[in-house]
$ cat query.pdb   # PDB, C-alpha atoms
ATOM      1  CA  MET A  28    -107.073-127.931  -6.753  1.00  0.00           C
ATOM      2  CA  THR A  29    -105.908-126.550  -3.426  1.00  0.00           C
ATOM      3  CA  GLU A  30    -102.207-126.421  -2.770  1.00  0.00           C
ATOM      4  CA  HIS A  31    -100.306-124.638  -0.033  1.00  0.00           C
ATOM      5  CA  TRP A  32     -98.058-121.959  -1.491  1.00  0.00           C
ATOM      6  CA  ASP A  33     -95.110-123.013   0.694  1.00  0.00           C
ATOM      7  CA  GLU A  34     -95.282-126.537  -0.708  1.00  0.00           C
ATOM      8  CA  PHE A  35     -95.750-125.198  -4.216  1.00  0.00           C
ATOM      9  CA  PHE A  36     -92.663-122.998  -4.053  1.00  0.00           C
ATOM     10  CA  LEU A  37     -90.556-125.828  -2.694  1.00  0.00           C
ATOM     11  CA  LYS A  38     -91.407-127.906  -5.754  1.00  0.00           C
ATOM     12  CA  LEU A  39     -90.008-125.305  -8.125  1.00  0.00           C
ATOM     13  CA  HIS A  40     -86.534-125.939  -9.445  1.00  0.00           C
ATOM     14  CA  HIS A  41     -84.038-123.506  -7.923  1.00  0.00           C
ATOM     15  CA  GLN A  42     -86.795-121.314  -6.475  1.00  0.00           C
ATOM     16  CA  GLN A  43     -86.512-121.885  -2.717  1.00  0.00           C
ATOM     17  CA  ILE A  44     -84.169-118.925  -2.275  1.00  0.00           C
ATOM     18  CA  LEU A  45     -86.460-116.652  -4.254  1.00  0.00           C
ATOM     19  CA  LYS A  46     -89.447-117.799  -2.204  1.00  0.00           C
ATOM     20  CA  GLU A  47     -87.678-116.983   1.055  1.00  0.00           C
ATOM     21  CA  GLN A  48     -86.547-113.591  -0.180  1.00  0.00           C
ATOM     22  CA  LEU A  49     -90.017-112.628  -1.372  1.00  0.00           C
ATOM     23  CA  SER A  50     -91.675-113.660   1.866  1.00  0.00           C
ATOM     24  CA  THR A  51     -89.219-112.047   4.284  1.00  0.00           C
ATOM     25  CA  ALA A  52     -87.922-108.937   2.511  1.00  0.00           C
ATOM     26  CA  GLU A  53     -90.307-107.539  -0.066  1.00  0.00           C
ATOM     27  CA  ASN A  54     -88.311-104.312  -0.337  1.00  0.00           C
ATOM     28  CA  ASP A  55     -84.894-105.973  -0.360  1.00  0.00           C
ATOM     29  CA  GLU A  56     -83.291-106.090  -3.793  1.00  0.00           C
ATOM     30  CA  SER A  57     -80.651-108.684  -2.844  1.00  0.00           C
ATOM     31  CA  TRP A  58     -82.522-111.513  -4.593  1.00  0.00           C
ATOM     32  CA  MET A  59     -82.424-109.631  -7.901  1.00  0.00           C
ATOM     33  CA  MET A  60     -79.832-110.562 -10.514  1.00  0.00           C
ATOM     34  CA  ILE A  61     -79.135-106.856 -11.052  1.00  0.00           C
ATOM     35  CA  SER A  62     -80.238-103.713  -9.270  1.00  0.00           C
ATOM     36  CA  ILE A  63     -82.795-101.353 -10.748  1.00  0.00           C
ATOM     37  CA  GLU A  64     -80.063 -98.702 -10.954  1.00  0.00           C
ATOM     38  CA  GLU A  65     -77.841-101.049 -12.994  1.00  0.00           C
ATOM     39  CA  ALA A  66     -80.741-101.776 -15.329  1.00  0.00           C
ATOM     40  CA  ILE A  67     -81.360 -98.047 -15.789  1.00  0.00           C
ATOM     41  CA  GLU A  68     -77.679 -97.510 -16.613  1.00  0.00           C
ATOM     42  CA  GLY A  69     -77.863-100.341 -19.159  1.00  0.00           C
ATOM     43  CA  ILE A  70     -80.890 -98.782 -20.824  1.00  0.00           C
ATOM     44  CA  LEU A  71     -79.185 -95.380 -21.027  1.00  0.00           C
ATOM     45  CA  LYS A  72     -76.063 -96.993 -22.560  1.00  0.00           C
ATOM     46  CA  GLY A  73     -78.097 -99.195 -24.903  1.00  0.00           C
ATOM     47  CA  SER A  74     -76.846-102.527 -23.550  1.00  0.00           C
ATOM     48  CA  LEU A  75     -76.344-104.432 -20.322  1.00  0.00           C
ATOM     49  CA  THR A  76     -73.908-107.286 -19.655  1.00  0.00           C
ATOM     50  CA  LEU A  77     -74.951-109.713 -16.922  1.00  0.00           C
ATOM     51  CA  THR A  78     -72.620-111.647 -14.645  1.00  0.00           C
ATOM     52  CA  ASN A  79     -73.085-114.757 -16.816  1.00  0.00           C
ATOM     53  CA  GLU A  80     -71.790-112.710 -19.788  1.00  0.00           C
ATOM     54  CA  GLN A  81     -75.260-112.588 -21.351  1.00  0.00           C
ATOM     55  CA  GLU A  82     -75.764-109.267 -23.114  1.00  0.00           C
ATOM     56  CA  ILE A  83     -79.108-107.515 -23.275  1.00  0.00           C
ATOM     57  CA  ARG A  84     -79.475-104.871 -25.942  1.00  0.00           C
ATOM     58  CA  PHE A  85     -82.181-102.228 -25.706  1.00  0.00           C
ATOM     59  CA  GLN A  86     -84.289-100.515 -28.334  1.00  0.00           C
ATOM     60  CA  THR A  87     -86.124 -97.233 -27.804  1.00  0.00           C
ATOM     61  CA  LEU A  88     -89.548 -97.194 -29.416  1.00  0.00           C
ATOM     62  CA  PRO A  89     -91.979 -94.306 -29.986  1.00  0.00           C
ATOM     63  CA  VAL A  90     -95.549 -95.375 -29.252  1.00  0.00           C
ATOM     64  CA  PHE A  91     -99.003 -93.818 -29.037  1.00  0.00           C
ATOM     65  CA  GLU A  92     -98.399 -91.688 -32.113  1.00  0.00           C
ATOM     66  CA  ASN A  93     -94.930 -90.676 -30.918  1.00  0.00           C
ATOM     67  CA  GLN A  94     -96.249 -89.233 -27.662  1.00  0.00           C
ATOM     68  CA  VAL A  95     -94.482 -91.827 -25.501  1.00  0.00           C
ATOM     69  CA  THR A  96     -91.006 -93.332 -25.823  1.00  0.00           C
ATOM     70  CA  ILE A  97     -90.017 -96.496 -24.014  1.00  0.00           C
ATOM     71  CA  SER A  98     -86.793 -98.498 -23.986  1.00  0.00           C
ATOM     72  CA  LEU A  99     -87.171-102.289 -24.059  1.00  0.00           C
ATOM     73  CA  PRO A 100     -84.898-105.308 -24.448  1.00  0.00           C
ATOM     74  CA  ASP A 101     -84.669-106.031 -28.175  1.00  0.00           C
ATOM     75  CA  SER A 102     -85.865-109.602 -27.563  1.00  0.00           C
ATOM     76  CA  LEU A 103     -89.366-108.136 -27.272  1.00  0.00           C
ATOM     77  CA  ALA A 104     -91.135-107.863 -30.631  1.00  0.00           C
ATOM     78  CA  PRO A 105     -94.569-106.451 -31.498  1.00  0.00           C
ATOM     79  CA  GLU A 106     -97.314-108.978 -30.874  1.00  0.00           C
ATOM     80  CA  VAL A 107     -99.150-110.205 -33.957  1.00  0.00           C
ATOM     81  CA  ARG A 108    -102.854-110.638 -33.285  1.00  0.00           C
ATOM     82  CA  THR A 109    -104.437-112.525 -36.134  1.00  0.00           C
ATOM     83  CA  GLY A 110    -107.895-111.338 -36.999  1.00  0.00           C
ATOM     84  CA  GLN A 111    -107.915-108.575 -34.431  1.00  0.00           C
ATOM     85  CA  THR A 112    -107.610-104.875 -34.979  1.00  0.00           C
ATOM     86  CA  VAL A 113    -105.620-103.117 -32.286  1.00  0.00           C
ATOM     87  CA  ASP A 114    -105.779 -99.333 -32.165  1.00  0.00           C
ATOM     88  CA  PRO A 115    -102.098 -98.286 -31.993  1.00  0.00           C
ATOM     89  CA  SER A 116    -103.123 -95.003 -30.422  1.00  0.00           C
ATOM     90  CA  ARG A 117    -104.526 -96.867 -27.405  1.00  0.00           C
ATOM     91  CA  SER A 118    -102.675-100.191 -27.040  1.00  0.00           C
ATOM     92  CA  PHE A 119     -99.075-101.331 -27.375  1.00  0.00           C
ATOM     93  CA  VAL A 120     -98.009-104.948 -26.878  1.00  0.00           C
ATOM     94  CA  VAL A 121     -94.625-106.645 -27.327  1.00  0.00           C
ATOM     95  CA  GLN A 122     -93.593-110.165 -26.471  1.00  0.00           C
ATOM     96  CA  ASP A 123     -90.835-112.733 -26.437  1.00  0.00           C
ATOM     97  CA  LYS A 124     -92.687-115.945 -27.234  1.00  0.00           C
ATOM     98  CA  LEU A 125     -89.736-118.233 -26.566  1.00  0.00           C
ATOM     99  CA  GLY A 126     -88.958-116.560 -23.262  1.00  0.00           C
ATOM    100  CA  GLY A 127     -92.589-116.337 -22.218  1.00  0.00           C
ATOM    101  CA  ILE A 128     -92.443-112.561 -21.689  1.00  0.00           C
ATOM    102  CA  LEU A 129     -95.274-110.150 -22.453  1.00  0.00           C
ATOM    103  CA  PHE A 130     -95.234-106.376 -21.986  1.00  0.00           C
ATOM    104  CA  GLY A 131     -98.150-104.112 -22.751  1.00  0.00           C
ATOM    105  CA  LEU A 132     -99.579-100.633 -22.316  1.00  0.00           C
ATOM    106  CA  HIS A 133    -103.238 -99.703 -22.679  1.00  0.00           C
ATOM    107  CA  GLN A 134    -104.794 -96.278 -22.502  1.00  0.00           C
ATOM    108  CA  SER A 135    -108.192 -96.538 -20.850  1.00  0.00           C
ATOM    109  CA  ARG A 136    -111.013 -94.150 -21.619  1.00  0.00           C
ATOM    110  CA  GLN A 137    -111.696 -93.871 -17.901  1.00  0.00           C
ATOM    111  CA  GLU A 138    -110.804 -90.546 -16.361  1.00  0.00           C
ATOM    112  CA  LEU A 139    -108.149 -90.748 -13.673  1.00  0.00           C
ATOM    113  CA  ASP A 140    -106.500 -88.009 -11.660  1.00  0.00           C
ATOM    114  CA  THR A 141    -103.128 -88.511  -9.991  1.00  0.00           C
ATOM    115  CA  THR A 142    -104.798 -88.252  -6.571  1.00  0.00           C
ATOM    116  CA  GLN A 143    -106.950 -91.298  -7.409  1.00  0.00           C
ATOM    117  CA  ILE A 144    -104.081 -93.663  -8.269  1.00  0.00           C
ATOM    118  CA  GLU A 145    -104.052 -95.590  -4.993  1.00  0.00           C
ATOM    119  CA  VAL A 146    -107.824 -96.192  -4.981  1.00  0.00           C
ATOM    120  CA  TYR A 147    -107.773 -97.219  -8.647  1.00  0.00           C
ATOM    121  CA  GLN A 148    -104.936 -99.648  -7.990  1.00  0.00           C
ATOM    122  CA  GLN A 149    -106.866-101.290  -5.147  1.00  0.00           C
ATOM    123  CA  GLN A 150    -109.837-101.742  -7.449  1.00  0.00           C
ATOM    124  CA  MET A 151    -107.622-103.422 -10.053  1.00  0.00           C
ATOM    125  CA  ILE A 152    -106.180-105.794  -7.434  1.00  0.00           C
ATOM    126  CA  GLU A 153    -109.659-106.737  -6.201  1.00  0.00           C
ATOM    127  CA  GLN A 154    -110.995-107.317  -9.715  1.00  0.00           C
ATOM    128  CA  THR A 155    -108.015-109.442 -10.720  1.00  0.00           C
ATOM    129  CA  SER A 156    -108.200-111.468  -7.507  1.00  0.00           C
ATOM    130  CA  ARG A 157    -111.825-112.317  -8.211  1.00  0.00           C
ATOM    131  CA  ALA A 158    -111.132-113.198 -11.849  1.00  0.00           C
ATOM    132  CA  GLN A 159    -107.941-115.146 -11.056  1.00  0.00           C
ATOM    133  CA  PRO A 160    -108.357-116.969  -7.712  1.00  0.00           C
ATOM    134  CA  SER A 161    -104.874-118.484  -8.107  1.00  0.00           C
ATOM    135  CA  MET A 162    -103.264-115.036  -7.860  1.00  0.00           C
ATOM    136  CA  LYS A 163    -100.962-114.393  -4.895  1.00  0.00           C
ATOM    137  CA  LEU A 164    -100.297-110.722  -4.252  1.00  0.00           C
ATOM    138  CA  VAL A 165     -96.587-110.226  -3.529  1.00  0.00           C
ATOM    139  CA  ASP A 166     -96.223-106.470  -3.191  1.00  0.00           C
ATOM    140  CA  GLU A 167     -97.969-103.173  -3.862  1.00  0.00           C
ATOM    141  CA  LYS A 168     -96.420 -99.731  -3.854  1.00  0.00           C
ATOM    142  CA  ILE A 169     -96.819 -96.125  -4.967  1.00  0.00           C
ATOM    143  CA  LEU A 170     -93.822 -94.731  -6.847  1.00  0.00           C
ATOM    144  CA  SER A 171     -92.858 -91.166  -7.660  1.00  0.00           C
ATOM    145  CA  ILE A 172     -91.187 -91.163 -11.079  1.00  0.00           C
ATOM    146  CA  GLN A 173     -90.433 -88.062 -13.145  1.00  0.00           C
ATOM    147  CA  ASP A 174     -92.748 -85.847 -11.119  1.00  0.00           C
ATOM    148  CA  THR A 175     -95.736 -88.145 -11.407  1.00  0.00           C
ATOM    149  CA  ILE A 176     -97.282 -90.885  -9.288  1.00  0.00           C
ATOM    150  CA  ILE A 177     -97.357 -94.483 -10.516  1.00  0.00           C
ATOM    151  CA  GLY A 178     -99.132 -97.272  -8.682  1.00  0.00           C
ATOM    152  CA  CYS A 179     -97.584-100.751  -8.958  1.00  0.00           C
ATOM    153  CA  TYR A 180     -98.416-104.191  -7.705  1.00  0.00           C
ATOM    154  CA  GLU A 181     -96.683-107.527  -8.151  1.00  0.00           C
ATOM    155  CA  ALA A 182     -98.409-110.898  -8.205  1.00  0.00           C
ATOM    156  CA  ILE A 183     -97.756-114.563  -8.902  1.00  0.00           C
ATOM    157  CA  PHE A 184    -100.156-116.728 -10.921  1.00  0.00           C
ATOM    158  CA  LEU A 185    -100.303-120.497 -10.742  1.00  0.00           C
ATOM    159  CA  VAL A 186    -100.140-121.454 -14.413  1.00  0.00           C
ATOM    160  CA  SER A 187     -99.207-124.914 -15.667  1.00  0.00           C
ATOM    161  CA  PRO A 188     -96.486-125.895 -16.301  1.00  0.00           C
ATOM    162  CA  SER A 189     -94.708-122.729 -15.089  1.00  0.00           C
ATOM    163  CA  PRO A 190     -96.024-120.142 -12.605  1.00  0.00           C
ATOM    164  CA  TYR A 191     -95.911-116.544 -13.809  1.00  0.00           C
ATOM    165  CA  TYR A 192     -94.883-113.326 -12.139  1.00  0.00           C
ATOM    166  CA  GLN A 193     -96.611-110.104 -13.155  1.00  0.00           C
ATOM    167  CA  ILE A 194     -95.954-106.442 -12.468  1.00  0.00           C
ATOM    168  CA  VAL A 195     -98.949-104.189 -13.124  1.00  0.00           C
ATOM    169  CA  PHE A 196     -98.777-100.413 -13.030  1.00  0.00           C
ATOM    170  CA  VAL A 197    -101.150 -97.523 -13.535  1.00  0.00           C
ATOM    171  CA  ARG A 198    -100.642 -93.803 -13.981  1.00  0.00           C
ATOM    172  CA  SER A 199    -102.677 -90.833 -15.069  1.00  0.00           C
ATOM    173  CA  TRP A 200    -101.823 -89.636 -18.572  1.00  0.00           C
ATOM    174  CA  ARG A 201    -103.666 -86.693 -20.036  1.00  0.00           C
ATOM    175  CA  GLY A 202    -106.393 -87.181 -17.485  1.00  0.00           C
ATOM    176  CA  LYS A 203    -107.014 -90.835 -18.367  1.00  0.00           C
ATOM    177  CA  ALA A 204    -105.883 -94.117 -16.818  1.00  0.00           C
ATOM    178  CA  MET A 205    -102.824 -95.650 -18.485  1.00  0.00           C
ATOM    179  CA  ILE A 206    -102.438 -99.297 -17.474  1.00  0.00           C
ATOM    180  CA  GLY A 207     -99.348-101.381 -18.155  1.00  0.00           C
ATOM    181  CA  SER A 208     -98.061-104.802 -17.250  1.00  0.00           C
ATOM    182  CA  CYS A 209     -95.095-107.077 -17.721  1.00  0.00           C
ATOM    183  CA  GLN A 210     -95.421-110.802 -17.141  1.00  0.00           C
ATOM    184  CA  PHE A 211     -92.761-113.483 -17.202  1.00  0.00           C
ATOM    185  CA  LYS A 212     -91.974-116.895 -15.778  1.00  0.00           C
ATOM    186  CA  LEU A 213     -91.378-116.861 -12.037  1.00  0.00           C
ATOM    187  CA  GLU A 214     -87.892-118.287 -12.525  1.00  0.00           C
ATOM    188  CA  ASP A 215     -86.998-115.173 -14.549  1.00  0.00           C
ATOM    189  CA  ALA A 216     -88.142-112.711 -11.858  1.00  0.00           C
ATOM    190  CA  PRO A 217     -84.599-111.903 -10.589  1.00  0.00           C
ATOM    191  CA  LEU A 218     -83.863-110.355 -13.997  1.00  0.00           C
ATOM    192  CA  TRP A 219     -87.218-109.065 -15.217  1.00  0.00           C
ATOM    193  CA  VAL A 220     -88.348-107.373 -12.021  1.00  0.00           C
ATOM    194  CA  PRO A 221     -85.494-104.820 -12.113  1.00  0.00           C
ATOM    195  CA  LEU A 222     -85.757-104.531 -15.911  1.00  0.00           C
ATOM    196  CA  THR A 223     -89.454-103.683 -15.683  1.00  0.00           C
ATOM    197  CA  TYR A 224     -88.921-100.959 -13.107  1.00  0.00           C
ATOM    198  CA  ALA A 225     -86.013 -99.575 -15.124  1.00  0.00           C
ATOM    199  CA  MET A 226     -88.285 -99.359 -18.168  1.00  0.00           C
ATOM    200  CA  LEU A 227     -90.780 -97.376 -16.073  1.00  0.00           C
ATOM    201  CA  HIS A 228     -88.074 -95.004 -14.833  1.00  0.00           C
ATOM    202  CA  THR A 229     -86.707 -94.268 -18.299  1.00  0.00           C
ATOM    203  CA  ALA A 230     -89.933 -93.942 -20.297  1.00  0.00           C
ATOM    204  CA  THR A 231     -90.860 -90.409 -21.385  1.00  0.00           C
ATOM    205  CA  TRP A 232     -94.428 -89.122 -21.677  1.00  0.00           C
ATOM    206  CA  SER A 233     -95.599 -86.031 -23.530  1.00  0.00           C
ATOM    207  CA  GLU A 234     -98.351 -84.332 -21.569  1.00  0.00           C
ATOM    208  CA  LEU A 235     -99.272 -82.062 -24.477  1.00  0.00           C
ATOM    209  CA  SER A 236    -102.373 -83.102 -26.406  1.00  0.00           C
TER     210      SER A 236
END

$ encode --input "query.pdb" --output "structure tokens"
Amino acid sequence: MTEHWDEFFLKLHHQQILKEQLSTAENDESWMMISIEEAIEGILKGSLTLTNEQEIRFQTLPVFENQVTISLPDSLAPEVRTGQTVDPSRSFVVQDKLGGILFGLHQSRQELDTTQIEVYQQQMIEQTSRAQPSMKLVDEKILSIQDTIIGCYEAIFLVSPSPYYQIVFVRSWRGKAMIGSCQFKLEDAPLWVPLTYAMLHTATWSELS
């Protein structure tokens, strides 16, 4: 099924403003419910109160055998994969089934130096585009966080009944590629985009083997 993205966005309830903001100001944070800085402050305090009085509480979890710590909204719980064995030293997945939110980290065995981040990110975008033709790339960027380089891209996927927004990031950790992603319903992007970047800014990584 072929559908023009402009027409598709206009059909989404309450999403016309978001569509216009994304298309005209990809680096403008005005369409976000909160700023990334406010989300970081909330993580550091342990809770964040939104303008609608909704409170988000955060939990700090040690993962990858206590070598990484990451602070997440406490609505995200470890994913239960029936019949599958997930190596906790290589993969970490949490989700909010009711909210349709999934966050994960995976340590690849592929070697990756910090200088190769941008090329690796382009390869990921190309592979995903081929596998998911409905993907619309919204933004791609290279961030400097805590003295390391992190590549990020944002994309929208046409999924019935609700389109999804995804932020994918990659960094070099102990010489290997560490890939992460957070996906959520497009209508929740004004909240979860800044939350995702705040989680990246506040995570700590031990570089010692």

$ resolve_selection --input "query.pdb" --expression "the PyMOL selection byres ((chain A and resi 61) around 10)" --output "list in words"
Glu56, Ser57, Trp58, Met59, Met60, Ser62, Ile63, Glu64, Glu65, Ala66, Leu75, Leu77, Thr78, Pro217, Leu218, Trp219, Val220, Pro221 and Leu222 of chain A

$ closest_residue --input "query.pdb" --among "A:Lys212, A:Gly207, A:Leu129, A:Arg198" --to "Gln173 in chain A" --atoms "only C-alpha atoms"
A:Arg198

$ atom_distance --input "query.pdb" --atom1 "CA of Glu106 in chain A" --atom2 "CA of Ile172 in chain A"
27.3 Å

$ residues_around --input "query.pdb" --residues "range 154-163 of chain A" --least-positions-apart "2" --cutoff "9 Å" --atoms "all atoms listed in the file" --output "PyMOL selection string"
chain A and resi 32+149-152+165+181-186

$ resolve_selection --input "query.pdb" --expression "the PyMOL selection byres ((chain A and resi 84-89) around 8)" --output "ChimeraX atom specification"
/A:70,73-75,82-83,90-101

$ atom_distance --input "query.pdb" --atom1 "CA of Ser189 in chain A" --atom2 "CA of Ser118 in chain A"
26.7 Å

$ closest_residue --input "query.pdb" --among "A:Tyr191, A:Phe130, A:Phe119, A:Tyr180" --to "Gln148 in chain A" --atoms "all atoms listed in the file"
A:Tyr180

$ atom_distance --input "query.pdb" --atom1 "CA of Asp166 in chain A" --atom2 "CA of Ile194 in chain A"
9.3 Å

$ resolve_selection --input "query.pdb" --expression "the PyMOL selection byres ((chain A and resi 234) around 8)" --output "tab-separated table (two decimals) with C-alpha atoms, keeping the file's coordinate frame"
chain	number	residue	atom	x	y	z
A	200	TRP	CA	-101.82	-89.64	-18.57
A	201	ARG	CA	-103.67	-86.69	-20.04
A	232	TRP	CA	-94.43	-89.12	-21.68
A	233	SER	CA	-95.60	-86.03	-23.53
A	235	LEU	CA	-99.27	-82.06	-24.48
A	236	SER	CA	-102.37	-83.10	-26.41

$ closest_residue --input "query.pdb" --among "A:Gln137, A:Ile177, A:Pro190, A:Lys72" --to "Gly202 in chain A" --atoms "all atoms listed in the file"
A:Gln137

$ residues_around --input "query.pdb" --residues "Ile144 in chain A" --least-positions-apart "3" --cutoff "9 Å" --atoms "only C-alpha atoms" --output "ChimeraX atom specification"
/A:139-141,147-149,169,176-178,197-199,204

$ write_last_selection --input "query.pdb" --atoms "C-alpha atoms" --output "PDB file, keeping the file's coordinate frame"
ATOM      1  CA  LEU A 139    -108.149 -90.748 -13.673  1.00  0.00           C
ATOM      2  CA  ASP A 140    -106.500 -88.009 -11.660  1.00  0.00           C
ATOM      3  CA  THR A 141    -103.128 -88.511  -9.991  1.00  0.00           C
ATOM      4  CA  TYR A 147    -107.773 -97.219  -8.647  1.00  0.00           C
ATOM      5  CA  GLN A 148    -104.936 -99.648  -7.990  1.00  0.00           C
ATOM      6  CA  GLN A 149    -106.866-101.290  -5.147  1.00  0.00           C
ATOM      7  CA  ILE A 169     -96.819 -96.125  -4.967  1.00  0.00           C
ATOM      8  CA  ILE A 176     -97.282 -90.885  -9.288  1.00  0.00           C
ATOM      9  CA  ILE A 177     -97.357 -94.483 -10.516  1.00  0.00           C
ATOM     10  CA  GLY A 178     -99.132 -97.272  -8.682  1.00  0.00           C
ATOM     11  CA  VAL A 197    -101.150 -97.523 -13.535  1.00  0.00           C
ATOM     12  CA  ARG A 198    -100.642 -93.803 -13.981  1.00  0.00           C
ATOM     13  CA  SER A 199    -102.677 -90.833 -15.069  1.00  0.00           C
ATOM     14  CA  ALA A 204    -105.883 -94.117 -16.818  1.00  0.00           C
TER      15      ALA A 204
END

$ closest_residue --input "query.pdb" --among "A:Leu164, A:Ala104, A:Cys179, A:Val146" --to "Ile206 in chain A" --atoms "only C-alpha atoms"
A:Cys179
